[in-house]
>>> print(open('my_file-v3.txt').read())   # compact mmCIF, C-alpha atoms
# COMPACT_ATOMS: atom_id res chain seq x y z
CA MET A 268 1.21 -4.47 16.48
CA LYS A 269 1.18 -7.70 18.50
CA ASP A 270 -2.56 -7.43 19.15
CA PHE A 271 -3.49 -6.14 15.69
CA ASN A 272 -3.52 -8.30 12.59
CA PRO A 273 -4.95 -6.38 9.63
CA ALA A 274 -5.82 -9.52 7.66
CA ASP A 275 -7.97 -10.73 10.55
CA LYS A 276 -9.81 -7.42 10.56
CA ILE A 277 -10.64 -7.83 6.88
CA GLN A 278 -11.60 -11.47 7.39
CA ASP A 279 -13.99 -10.59 10.20
CA LEU A 280 -16.06 -8.32 7.96
CA GLN A 281 -19.11 -10.08 6.53
CA TYR A 282 -21.53 -8.53 4.09
CA PHE A 283 -24.66 -9.93 2.47
CA GLY A 284 -25.85 -8.80 -0.92
CA GLU A 285 -29.36 -7.52 -1.48
CA PHE A 286 -30.55 -11.00 -2.42
CA GLY A 287 -28.33 -12.91 0.01
CA GLY A 288 -25.24 -12.88 -2.20
CA VAL A 289 -21.87 -13.52 -0.59
CA ASN A 290 -20.63 -10.30 -2.21
CA PRO A 291 -22.37 -7.02 -1.38
CA SER A 292 -24.69 -5.72 -4.08
CA ILE A 293 -23.28 -3.02 -6.38
CA SER A 294 -25.09 0.31 -6.20
CA ASP A 295 -25.09 1.27 -9.86
CA SER A 296 -26.70 4.68 -9.37
CA SER A 297 -25.40 8.22 -9.47
CA THR A 298 -28.28 9.68 -7.45
CA TYR A 299 -30.69 8.40 -4.80
CA THR A 300 -34.32 9.02 -4.03
CA PHE A 301 -35.87 10.17 -0.75
CA LEU A 302 -39.26 9.34 0.70
CA SER A 303 -39.56 12.81 2.18
CA ALA A 304 -38.18 16.27 1.48
CA LYS A 305 -37.06 16.60 5.10
CA THR A 306 -34.85 13.52 4.79
CA MET A 307 -33.20 15.03 1.74
CA PHE A 308 -32.57 18.26 3.65
CA ASP A 309 -31.13 16.38 6.64
CA THR A 310 -28.86 14.37 4.36
CA PHE A 311 -27.53 17.57 2.76
CA GLU A 312 -26.80 18.83 6.24
CA GLY A 313 -24.95 15.61 7.09
CA ASN A 314 -27.41 14.57 9.76
CA MET A 315 -28.68 11.30 8.31
CA GLU A 316 -27.01 7.91 8.59
CA GLY A 317 -27.75 5.28 5.96
CA CYS A 318 -29.16 7.74 3.41
CA TYR A 319 -27.42 8.49 0.15
CA LEU A 320 -27.48 11.77 -1.63
CA TYR A 321 -25.31 11.60 -4.73
CA SER A 322 -22.47 9.24 -5.62
CA ARG A 323 -19.86 12.00 -5.69
CA HIS A 324 -20.52 12.28 -1.96
CA SER A 325 -20.83 8.56 -1.18
CA SER A 326 -22.42 5.36 -2.38
CA PRO A 327 -23.16 2.02 -0.72
CA SER A 328 -20.44 0.26 -2.73
CA ASN A 329 -17.83 2.85 -1.78
CA LEU A 330 -18.86 2.72 1.86
CA TYR A 331 -18.37 -1.07 1.94
CA LEU A 332 -14.82 -0.60 0.70
CA ASP A 333 -14.29 2.36 3.05
CA GLN A 334 -15.22 0.14 5.99
CA ALA A 335 -12.94 -2.70 4.91
CA LEU A 336 -9.91 -0.46 4.39
CA ALA A 337 -10.48 1.37 7.66
CA ALA A 338 -10.59 -2.02 9.40
CA MET A 339 -7.34 -2.99 7.69
CA GLU A 340 -5.57 0.17 8.85
CA GLY A 341 -7.21 0.40 12.26
CA THR A 342 -8.81 3.81 11.72
CA GLU A 343 -12.36 4.93 12.47
CA THR A 344 -13.33 5.22 8.82
CA ALA A 345 -12.01 5.90 5.33
CA ASN A 346 -12.84 7.53 2.01
CA VAL A 347 -12.00 5.87 -1.32
CA SER A 348 -11.15 7.87 -4.41
CA ALA A 349 -10.62 7.38 -8.13
CA SER A 350 -6.80 7.31 -7.88
CA GLY A 351 -3.98 7.47 -5.38
CA MET A 352 -3.39 11.13 -6.22
CA GLY A 353 -7.15 11.59 -5.81
CA ALA A 354 -6.61 10.63 -2.17
CA ILE A 355 -3.35 12.51 -1.55
CA THR A 356 -4.25 15.88 -3.03
CA PRO A 357 -7.64 16.48 -1.32
CA THR A 358 -6.20 15.26 1.99
CA LEU A 359 -3.39 17.80 1.93
CA LEU A 360 -5.63 20.60 0.65
CA GLN A 361 -8.11 19.87 3.43
CA LEU A 362 -5.35 20.17 6.02
CA CYS A 363 -3.60 23.24 4.61
CA GLY A 364 -4.49 26.67 3.26
CA ALA A 365 -2.77 29.88 2.22
CA GLY A 366 0.26 30.61 4.39
CA ASP A 367 0.61 27.05 5.70
CA HIS A 368 3.69 24.87 5.49
CA ILE A 369 4.35 21.15 5.02
CA VAL A 370 7.45 19.16 5.97
CA SER A 371 7.76 16.26 3.56
CA SER A 372 10.16 13.44 2.92
CA ARG A 373 12.43 14.23 -0.01
CA THR A 374 12.01 10.72 -1.45
CA ILE A 375 8.37 10.34 -2.35
CA TYR A 376 6.34 9.37 -5.40
CA GLY A 377 7.05 11.76 -8.27
CA GLY A 378 3.42 12.83 -8.61
CA THR A 379 3.24 13.77 -4.93
CA TYR A 380 6.54 15.64 -5.22
CA ALA A 381 5.28 17.58 -8.25
CA PHE A 382 2.04 18.45 -6.44
CA LEU A 383 3.90 19.82 -3.42
CA LYS A 384 6.71 21.47 -5.36
CA ASN A 385 4.84 22.95 -8.31
CA PHE A 386 1.10 23.05 -7.61
CA THR A 387 0.40 23.89 -3.96
CA PRO A 388 2.52 27.09 -4.06
CA ARG A 389 -0.27 28.50 -6.29
CA PHE A 390 -2.43 28.41 -3.16
CA GLY A 391 0.24 29.82 -0.85
CA ILE A 392 1.20 26.44 0.61
CA GLU A 393 4.96 25.85 0.87
CA THR A 394 6.84 22.58 1.43
CA SER A 395 10.26 21.78 2.83
CA PHE A 396 11.71 18.48 1.57
CA VAL A 397 13.96 16.76 4.11
CA ASP A 398 15.73 13.49 4.83
CA ILE A 399 12.86 11.82 6.68
CA THR A 400 15.21 9.26 8.26
CA LYS A 401 16.84 11.99 10.38
CA LEU A 402 14.39 13.04 13.07
CA ASP A 403 16.50 16.03 14.14
CA VAL A 404 16.46 17.36 10.58
CA VAL A 405 12.68 16.87 10.39
CA GLU A 406 12.10 18.76 13.63
CA ALA A 407 14.48 21.56 12.60
CA ALA A 408 12.41 22.14 9.45
CA ILE A 409 9.20 22.81 11.39
CA THR A 410 8.06 26.45 11.43
CA PRO A 411 5.20 28.21 13.23
CA ASN A 412 3.17 27.77 9.99
CA THR A 413 3.76 24.03 9.65
CA LYS A 414 0.58 21.97 9.64
CA VAL A 415 1.60 18.57 8.25
CA LEU A 416 4.40 16.02 8.34
CA TYR A 417 4.21 13.88 5.20
CA CYS A 418 6.08 10.69 4.38
CA GLU A 419 5.89 7.25 2.85
CA THR A 420 6.39 4.24 5.12
CA VAL A 421 8.84 2.85 2.58
CA SER A 422 9.83 5.55 0.11
CA ASN A 423 9.47 5.50 -3.64
CA PRO A 424 11.91 4.64 -5.16
CA LEU A 425 14.86 4.51 -2.76
CA LEU A 426 13.14 2.31 -0.16
CA GLU A 427 14.07 4.53 2.76
CA VAL A 428 12.11 3.69 5.90
CA ALA A 429 10.33 6.35 7.94
CA ASP A 430 10.38 6.00 11.73
CA ILE A 431 6.65 6.50 12.05
CA ALA A 432 6.56 6.27 15.85
CA GLY A 433 9.36 8.84 16.10
CA LEU A 434 7.67 11.14 13.60
CA ALA A 435 4.38 10.78 15.47
CA LYS A 436 6.02 12.05 18.66
CA ILE A 437 7.35 15.08 16.81
CA ALA A 438 3.94 15.71 15.22
CA LYS A 439 2.18 15.51 18.57
CA LYS A 440 4.74 17.80 20.20
CA HIS A 441 4.16 20.49 17.56
CA ASN A 442 0.42 19.90 17.09
CA LEU A 443 0.84 18.68 13.50
CA LYS A 444 -0.92 16.00 11.48
CA LEU A 445 1.24 13.06 10.44
CA VAL A 446 0.14 11.80 7.01
CA VAL A 447 1.66 8.51 5.85
CA ASP A 448 1.44 6.95 2.40
CA ASN A 449 1.48 3.20 3.09
CA THR A 450 1.20 2.04 -0.54
CA PHE A 451 4.42 -0.04 -0.48
CA SER A 452 3.64 -1.83 2.78
CA PRO A 453 -0.02 -2.83 3.26
CA LEU A 454 -0.52 -5.40 6.05
CA SER A 455 3.23 -5.35 6.80
CA VAL A 456 2.96 -1.99 8.56
CA SER A 457 -0.04 -0.34 10.23
CA PRO A 458 0.96 3.35 10.52
CA ALA A 459 -2.12 4.39 12.53
CA LYS A 460 -1.10 1.93 15.23
CA LEU A 461 2.32 3.61 15.32
CA GLY A 462 0.83 7.09 15.76
CA ALA A 463 0.01 8.34 12.24
CA ASP A 464 -3.11 10.52 12.02
CA ILE A 465 -3.94 9.76 8.39
CA VAL A 466 -2.98 6.77 6.24
CA ILE A 467 -3.17 6.88 2.45
CA HIS A 468 -2.92 4.15 -0.17
CA SER A 469 -2.85 3.97 -3.91
CA LEU A 470 -5.29 1.08 -4.28
CA THR A 471 -3.95 0.70 -7.82
CA LYS A 472 -0.95 -1.19 -6.48
CA TYR A 473 -0.90 -4.10 -4.01
CA ILE A 474 -4.40 -3.77 -2.62
CA ASN A 475 -6.09 -4.27 -5.99
CA GLY A 476 -3.17 -6.28 -7.31
CA SER A 477 -4.23 -6.89 -10.91
CA SER A 478 -3.14 -3.69 -12.70
CA ASP A 479 -6.62 -3.13 -14.11
CA THR A 480 -7.87 -0.33 -11.87
CA VAL A 481 -6.68 2.98 -10.45
CA GLY A 482 -7.93 3.96 -7.01
CA GLY A 483 -6.95 5.52 -3.71
CA VAL A 484 -8.06 5.78 -0.12
CA THR A 485 -7.66 8.09 2.87
CA CYS A 486 -8.00 6.31 6.23
CA ALA A 487 -8.53 8.57 9.24
CA SER A 488 -10.89 9.69 11.99
CA LYS A 489 -14.60 10.17 11.36
CA GLU A 490 -14.11 13.87 12.01
CA PHE A 491 -11.50 14.25 9.28
CA ILE A 492 -13.27 12.06 6.72
CA ASN A 493 -16.52 13.95 7.32
CA SER A 494 -14.64 17.21 6.71
CA LEU A 495 -13.33 15.81 3.39
CA LYS A 496 -16.88 14.94 2.32
CA ASN A 497 -18.58 18.10 3.57
CA VAL A 498 -20.84 19.48 0.83
CA ASN A 499 -19.75 23.08 1.49
CA SER A 500 -16.06 22.83 2.30
CA GLY A 501 -14.84 19.27 1.73
CA ALA A 502 -11.92 18.91 -0.70
CA SER A 503 -13.01 15.44 -1.80
CA MET A 504 -16.61 16.50 -2.29
CA LEU A 505 -15.75 19.70 -4.16
CA LEU A 506 -12.84 18.44 -6.26
CA GLY A 507 -14.74 15.27 -7.14
CA PRO A 508 -12.16 12.43 -7.24
CA THR A 509 -14.95 9.88 -6.85
CA MET A 510 -14.42 6.15 -7.26
CA ASP A 511 -16.92 4.38 -9.48
CA SER A 512 -19.10 1.81 -7.71
CA LEU A 513 -18.18 -0.98 -10.13
CA ARG A 514 -14.48 -0.36 -9.52
CA SER A 515 -15.06 -0.22 -5.80
CA ALA A 516 -16.71 -3.64 -5.87
CA SER A 517 -13.81 -5.02 -7.93
CA VAL A 518 -11.19 -3.75 -5.46
CA MET A 519 -13.20 -5.21 -2.57
CA LYS A 520 -13.02 -8.69 -4.10
CA ASN A 521 -9.26 -8.45 -4.64
CA LEU A 522 -8.71 -7.16 -1.11
CA ARG A 523 -9.76 -10.59 0.20
CA THR A 524 -6.59 -12.22 -1.17
CA LEU A 525 -4.17 -9.45 -0.21
CA HIS A 526 -2.67 -11.37 2.73
CA ILE A 527 -1.79 -14.34 0.52
CA ARG A 528 -0.30 -12.15 -2.18
CA ILE A 529 1.76 -9.98 0.16
CA LYS A 530 3.39 -13.03 1.73
CA GLN A 531 4.45 -14.34 -1.69
CA HIS A 532 5.62 -10.94 -2.94
CA SER A 533 7.75 -10.56 0.20
CA HIS A 534 9.13 -14.10 0.06
CA ASN A 535 10.18 -13.72 -3.56
CA ALA A 536 11.68 -10.27 -3.14
CA HIS A 537 13.67 -11.30 -0.07
CA PHE A 538 15.05 -14.35 -1.92
CA LEU A 539 16.14 -12.30 -4.93
CA ALA A 540 17.62 -9.54 -2.77
CA ASP A 541 19.75 -12.09 -0.89
CA GLN A 542 20.98 -13.61 -4.16
CA PHE A 543 21.68 -10.29 -5.89
CA GLU A 544 23.62 -8.96 -2.92
CA ALA A 545 25.65 -12.18 -2.73
CA ASP A 546 26.45 -11.77 -6.43
CA GLY A 547 27.97 -8.37 -5.68
CA LEU A 548 25.18 -6.17 -7.03
CA LYS A 549 24.39 -2.98 -5.15
CA THR A 550 21.01 -4.08 -3.76
CA VAL A 551 18.58 -2.18 -1.56
CA TYR A 552 15.86 -4.11 0.26
CA PRO A 553 14.58 -3.44 3.81
CA GLY A 554 14.93 -7.14 4.64
CA LEU A 555 18.70 -7.09 4.11
CA LYS A 556 20.92 -6.47 7.12
CA SER A 557 22.84 -4.02 4.94
CA HIS A 558 19.79 -1.75 4.70
CA PRO A 559 20.43 1.25 7.01
CA SER A 560 16.95 0.98 8.53
CA HIS A 561 16.74 -2.83 8.70
CA GLU A 562 16.65 -3.01 12.50
CA LEU A 563 14.10 -0.19 12.74
CA TYR A 564 11.87 -1.79 10.12
CA LYS A 565 11.98 -5.12 11.98
CA THR A 566 10.34 -3.38 14.94
CA MET A 567 7.63 -1.82 12.73
CA ILE A 568 6.41 -4.74 10.63
CA ASN A 569 4.01 -7.55 11.23
CA PRO A 570 6.59 -10.32 10.57
CA GLU A 571 4.00 -12.61 9.00
CA TYR A 572 3.89 -10.38 5.93
CA GLY A 573 7.61 -9.82 5.54
CA PHE A 574 9.62 -6.87 4.29
CA GLY A 575 7.63 -6.20 1.12
CA GLY A 576 7.90 -6.90 -2.58
CA MET A 577 10.02 -3.92 -3.68
CA LEU A 578 13.77 -3.91 -4.23
CA THR A 579 16.31 -1.94 -6.23
CA ILE A 580 19.61 -2.76 -7.87
CA ASP A 581 22.13 -0.40 -9.43
CA VAL A 582 23.75 -1.55 -12.66
CA GLY A 583 25.88 1.56 -13.17
CA THR A 584 24.39 3.40 -16.12
CA LEU A 585 21.01 4.15 -17.63
CA ALA A 586 22.07 2.42 -20.84
CA LYS A 587 22.84 -0.80 -18.96
CA ALA A 588 19.61 -0.52 -16.99
CA ASN A 589 17.59 -0.16 -20.19
CA GLU A 590 19.43 -3.05 -21.86
CA LEU A 591 18.76 -5.33 -18.90
CA MET A 592 15.10 -4.42 -18.61
CA GLU A 593 14.51 -4.92 -22.32
CA LEU A 594 16.24 -8.31 -22.22
CA MET A 595 14.34 -9.46 -19.14
CA GLN A 596 11.07 -8.49 -20.81
CA ALA A 597 12.06 -10.39 -23.96
CA ARG A 598 12.76 -13.46 -21.78
CA ASN A 599 9.26 -13.23 -20.22
CA LEU A 600 10.63 -12.35 -16.77
CA GLY A 601 8.30 -9.42 -16.40
CA TYR A 602 7.32 -6.10 -17.92
CA LEU A 603 9.20 -2.86 -18.45
CA ALA A 604 6.43 -0.86 -16.86
CA VAL A 605 5.71 1.54 -14.02
CA SER A 606 3.49 0.74 -11.04
CA LEU A 607 3.72 -2.23 -8.69
CA GLY A 608 1.82 -5.06 -7.06
CA PHE A 609 1.10 -7.04 -10.25
CA TYR A 610 1.32 -10.85 -10.41
CA LYS A 611 4.24 -10.50 -12.86
CA THR A 612 7.42 -8.64 -11.97
CA LEU A 613 7.49 -5.00 -13.11
CA PHE A 614 10.72 -3.04 -13.53
CA SER A 615 11.58 0.54 -14.43
CA ALA A 616 14.35 3.09 -14.16
CA PRO A 617 12.67 5.54 -11.76
CA GLY A 618 14.86 8.51 -12.65
CA THR A 619 13.29 8.57 -16.11
CA SER A 620 9.82 7.31 -15.13
CA THR A 621 8.05 7.42 -11.76
CA SER A 622 10.44 10.03 -10.33
CA SER A 623 11.05 12.02 -13.51
CA GLU A 624 9.18 14.98 -12.00
CA ILE A 625 12.11 15.45 -9.60
CA PRO A 626 14.85 17.65 -11.15
CA LEU A 627 18.07 15.81 -12.02
CA GLU A 628 20.17 17.76 -9.52
CA GLU A 629 17.77 16.82 -6.74
CA GLN A 630 17.74 13.19 -7.88
CA LYS A 631 21.53 13.11 -7.53
CA GLU A 632 21.40 14.80 -4.14
CA MET A 633 19.01 12.18 -2.76
CA GLY A 634 20.99 9.28 -4.24
CA LEU A 635 18.74 8.43 -7.19
CA THR A 636 21.35 7.23 -9.69
CA ASP A 637 21.05 6.70 -13.45
CA GLY A 638 21.64 2.96 -13.20
CA LEU A 639 19.00 2.31 -10.56
CA ILE A 640 16.31 -0.24 -11.44
CA ARG A 641 13.21 -0.53 -9.27
CA PHE A 642 11.66 -3.99 -9.15
CA SER A 643 8.15 -4.89 -8.05
CA ILE A 644 8.66 -8.62 -7.63
CA GLY A 645 5.79 -10.81 -8.78
CA LEU A 646 4.11 -13.94 -7.50
CA ASP A 647 6.41 -16.39 -9.30
CA ASN A 648 5.96 -19.93 -8.04
CA ASP A 649 9.61 -20.98 -8.59
CA ILE A 650 11.68 -17.99 -7.56
CA GLN A 651 14.94 -19.95 -7.89
CA ARG A 652 14.17 -20.42 -11.59
CA THR A 653 13.42 -16.69 -11.90
CA TYR A 654 16.72 -15.80 -10.25
CA GLU A 655 18.71 -18.06 -12.56
CA MET A 656 17.05 -16.52 -15.63
CA MET A 657 17.64 -12.97 -14.36
CA LYS A 658 21.26 -13.76 -13.56
CA ALA A 659 21.74 -15.20 -17.05
CA CYS A 660 20.54 -11.89 -18.49
CA MET A 661 23.01 -9.98 -16.32
CA VAL A 662 25.89 -12.24 -17.29
CA GLU A 663 25.01 -11.89 -20.97
CA LEU A 664 25.15 -8.10 -20.69
CA GLY A 665 28.36 -8.03 -18.64
CA ILE A 666 26.64 -6.72 -15.51
CA LEU A 667 27.80 -9.82 -13.62
>>> encode(input="my_file-v3.txt", output="structure tokens")
Amino acid sequence: MKDFNPADKIQDLQYFGEFGGVNPSISDSSTYTFLSAKTMFDTFEGNMEGCYLYSRHSSPSNLYLDQALAAMEGTETANVSASGMGAITPTLLQLCGAGDHIVSSRTIYGGTYAFLKNFTPRFGIETSFVDITKLDVVEAAITPNTKVLYCETVSNPLLEVADIAGLAKIAKKHNLKLVVDNTFSPLSVSPAKLGADIVIHSLTKYINGSSDTVGGVTCASKEFINSLKNVNSGASMLLGPTMDSLRSASVMKNLRTLHIRIKQHSHNAHFLADQFEADGLKTVYPGLKSHPSHELYKTMINPEYGFGGMLTIDVGTLAKANELMELMQARNLGYLAVSLGFYKTLFSAPGTSTSSEIPLEEQKEMGLTDGLIRFSIGLDNDIQRTYEMMKACMVELGIL
């Protein structure tokens, strides 16, 4: 990580629009013409560079964003999609077929959990959910049919940290693909540099940063991305989770400020986590020394971008959590809403929202309590003022 700064890689990219614009021109076409029939044939066969067939396959605008995100993650190339799940699901279906097995972290985004638990068994793909922080448990779950290790760098919503380098060694030993969802930690962590084979993001969150677009990306080798886009057998090509060119151009513009935003998100979250813990609240944040993976995470991150903008507190009961969130929203401290990466703070009770797909007994087993509130801390200029207002809400409700 010392020799790799993802923001520099984004900065070093320079595109010129069709008429010399400082932003690349938007390709607002669904299909593309050919000067010869042979060129069309060669493009169908995947043998032509710089020629476009049909926007479900690729478009100039999407390829600009592909290149930028691949540069950010340090992979050969990438493939953007219309949502985060539109990146996750084709990636896993491309890697696995009937009779195959996946070892996944037990604490992952609810949509991913539901896909692996409820949907992929229809195709004969089974998943074992494990405590990803215990490498011996991960390795013990591997079977002769296992094809993929799947995890999130920082898990949703419990903020557990995956030892990506350790998992990569296990994956290599057993000839598996390590797939890492890096949505919570762009710029802070570069999983491909730690040994991950495939890195996924929900662009909806930090990378776009304005809660006006859904999008996703799969960053990987040229070989794997080409397989995803293959006209005969590619899961992305055949399932069709295509990102619109106008949205792609919008995400590209927001990507340019990601490094500034991530620093502020991390600064604000770290400040609040310190204060909440000092107040006696049960607080989970990877930047706190009390976090079980704090020392590990310190070795994984690019320190310039901090420990991220996500934290959780536990206020005891769902009723108290709901009261607090409603009061904070009424005091203009943020929004009672799912998702993350917005300029305003977002808060939700994940057990009844983003992780509601996980059965209650499994939520309890993994430590997802009723009173847990997940915060995506915003870009507040005066975070001391924010803290004092949040604390006042907690005092008013008897939480503090």
>>> atom_distance(input="my_file-v3.txt", atom1="atom CA of Leu416 of chain A", atom2="atom CA of Ser371 of chain A")
5.8 Å
>>> closest_atom_pairs(input="my_file-v3.txt", of="segment 404-488 of chain A", to="segment 598-617 of chain A", cutoff="8 Å", atoms="only C-alpha atoms", output="tab-separated table")
residue	atom	partner	partner_atom	distance
A:Pro424	CA	A:Pro617	CA	6.7
A:Lys472	CA	A:Gly608	CA	4.8
A:Tyr473	CA	A:Gly608	CA	4.2
A:Ile474	CA	A:Gly608	CA	7.8
A:Gly476	CA	A:Gly608	CA	5.1
A:Ser477	CA	A:Phe609	CA	5.4
A:Ser478	CA	A:Phe609	CA	5.9
>>> write_last_selection(input="my_file-v3.txt", atoms="C-alpha atoms", output="mmCIF file, keeping the file's coordinate frame")
data_model
loop_
_atom_site.group_PDB
_atom_site.id
_atom_site.type_symbol
_atom_site.label_atom_id
_atom_site.label_comp_id
_atom_site.auth_asym_id
_atom_site.auth_seq_id
_atom_site.Cartn_x
_atom_site.Cartn_y
_atom_site.Cartn_z
ATOM 1 C CA PRO A 424 11.910 4.640 -5.160
ATOM 2 C CA LYS A 472 -0.950 -1.190 -6.480
ATOM 3 C CA TYR A 473 -0.900 -4.100 -4.010
ATOM 4 C CA ILE A 474 -4.400 -3.770 -2.620
ATOM 5 C CA GLY A 476 -3.170 -6.280 -7.310
ATOM 6 C CA SER A 477 -4.230 -6.890 -10.910
ATOM 7 C CA SER A 478 -3.140 -3.690 -12.700
#
>>> closest_residue(input="my_file-v3.txt", among="A:Val370, A:Ala345, A:Met510, A:Ile399", to="Gly482 of chain A", atoms="all atoms listed in the file")
A:Met510
>>> atom_distance(input="my_file-v3.txt", atom1="atom CA of Val428 of chain A", atom2="atom CA of Gly638 of chain A")
21.4 Å
>>> closest_atom_pairs(input="my_file-v3.txt", of="segment 477-516 of chain A", to="segment 430-445 of chain A", cutoff="12 Å", atoms="all atoms listed in the file", output="CSV")
residue,atom,partner,partner_atom,distance
A:Ala487,CA,A:Leu445,CA,10.8
A:Ser488,CA,A:Lys444,CA,11.8
A:Phe491,CA,A:Lys444,CA,10.9
>>> write_last_selection(input="my_file-v3.txt", atoms="C-alpha atoms", output="mmCIF file, in the coordinates of the input")
data_model
loop_
_atom_site.group_PDB
_atom_site.id
_atom_site.type_symbol
_atom_site.label_atom_id
_atom_site.label_comp_id
_atom_site.auth_asym_id
_atom_site.auth_seq_id
_atom_site.Cartn_x
_atom_site.Cartn_y
_atom_site.Cartn_z
ATOM 1 C CA ALA A 487 -8.530 8.570 9.240
ATOM 2 C CA SER A 488 -10.890 9.690 11.990
ATOM 3 C CA PHE A 491 -11.500 14.250 9.280
#
>>> residues_around(input="my_file-v3.txt", residues="segment 452-466 of chain A", least_positions_apart="4", cutoff="8 Å", atoms="only C-alpha atoms", output="PyMOL selection string")
chain A and resi 268+272-274+339-342+420-421+431-432+435-436+444-448+473-474+485-488+526+529+567-575
>>> closest_residue(input="my_file-v3.txt", among="A:Gly501, A:Pro291, A:Gly483, A:Gly391", to="Gln361 of chain A", atoms="only C-alpha atoms")
A:Gly501
>>> atom_distance(input="my_file-v3.txt", atom1="atom CA of Asp647 of chain A", atom2="atom CA of Phe451 of chain A")
18.7 Å
>>> closest_residue(input="my_file-v3.txt", among="A:Leu539, A:Met595, A:Leu332, A:Met307", to="Leu470 of chain A", atoms="only C-alpha atoms")
A:Leu332
>>> residues_around(input="my_file-v3.txt", residues="Phe543 of chain A", least_positions_apart="4", cutoff="10 Å", atoms="all atoms listed in the file", output="MDAnalysis selection string")
chainID A and resid 537:539 547:551 579:580 654 657:658 667
>>> closest_residue(input="my_file-v3.txt", among="A:Lys276, A:Arg323, A:Lys565, A:Arg652", to="Leu505 of chain A", atoms="all atoms listed in the file")
A:Arg323
>>> closest_residue(input="my_file-v3.txt", among="A:Val347, A:Leu513, A:Ile527, A:Leu664", to="Ile492 of chain A", atoms="only C-alpha atoms")
A:Val347
>>> residues_around(input="my_file-v3.txt", residues="Ile293 of chain A", least_positions_apart="5", cutoff="8 Å", atoms="all atoms listed in the file", output="PyMOL selection string")
chain A and resi 327-328+512-513+516
>>> closest_residue(input="my_file-v3.txt", among="A:Asp367, A:Asp581, A:Glu419, A:Asp270", to="Thr379 of chain A", atoms="all atoms listed in the file")
A:Glu419
>>> build_atoms(input="my_file-v3.txt", residues="segment 537-548 of chain A", atoms="N, CA, C and O atoms", output="CSV table (one decimal), keeping the file's coordinate frame")
chain,number,residue,atom,x,y,z
A,537,HIS,N,12.6,-11.1,-1.0
A,537,HIS,CA,13.7,-11.3,-0.1
A,537,HIS,C,14.7,-12.3,-0.7
A,537,HIS,O,15.9,-12.1,-0.5
A,538,PHE,N,14.2,-13.4,-1.3
A,538,PHE,CA,15.0,-14.4,-1.9
A,538,PHE,C,15.9,-13.7,-3.0
A,538,PHE,O,17.2,-13.9,-3.0
A,539,LEU,N,15.4,-12.9,-3.9
A,539,LEU,CA,16.1,-12.3,-4.9
A,539,LEU,C,17.1,-11.3,-4.4
A,539,LEU,O,18.3,-11.2,-4.8
A,540,ALA,N,16.7,-10.5,-3.4
A,540,ALA,CA,17.6,-9.5,-2.8
A,540,ALA,C,18.8,-10.2,-2.2
A,540,ALA,O,20.0,-9.8,-2.3
A,541,ASP,N,18.6,-11.3,-1.5
A,541,ASP,CA,19.8,-12.1,-0.9
A,541,ASP,C,20.7,-12.5,-2.0
A,541,ASP,O,21.9,-12.4,-1.9
A,542,GLN,N,20.2,-13.1,-3.1
A,542,GLN,CA,21.0,-13.6,-4.2
A,542,GLN,C,21.7,-12.5,-4.9
A,542,GLN,O,22.9,-12.6,-5.2
A,543,PHE,N,21.0,-11.4,-5.2
A,543,PHE,CA,21.7,-10.3,-5.9
A,543,PHE,C,22.8,-9.7,-5.1
A,543,PHE,O,23.9,-9.4,-5.6
A,544,GLU,N,22.6,-9.5,-3.8
A,544,GLU,CA,23.6,-9.0,-2.9
A,544,GLU,C,24.8,-9.9,-2.9
A,544,GLU,O,26.0,-9.5,-2.9
A,545,ALA,N,24.6,-11.2,-2.8
A,545,ALA,CA,25.6,-12.2,-2.7
A,545,ALA,C,26.4,-12.2,-4.0
A,545,ALA,O,27.6,-12.5,-4.0
A,546,ASP,N,25.8,-11.8,-5.1
A,546,ASP,CA,26.4,-11.8,-6.4
A,546,ASP,C,27.3,-10.5,-6.6
A,546,ASP,O,28.0,-10.3,-7.6
A,547,GLY,N,27.2,-9.6,-5.6
A,547,GLY,CA,28.0,-8.4,-5.7
A,547,GLY,C,27.2,-7.2,-6.3
A,547,GLY,O,27.9,-6.1,-6.4
A,548,LEU,N,26.0,-7.3,-6.5
A,548,LEU,CA,25.2,-6.2,-7.0
A,548,LEU,C,24.8,-5.2,-5.9
A,548,LEU,O,24.6,-5.7,-4.7
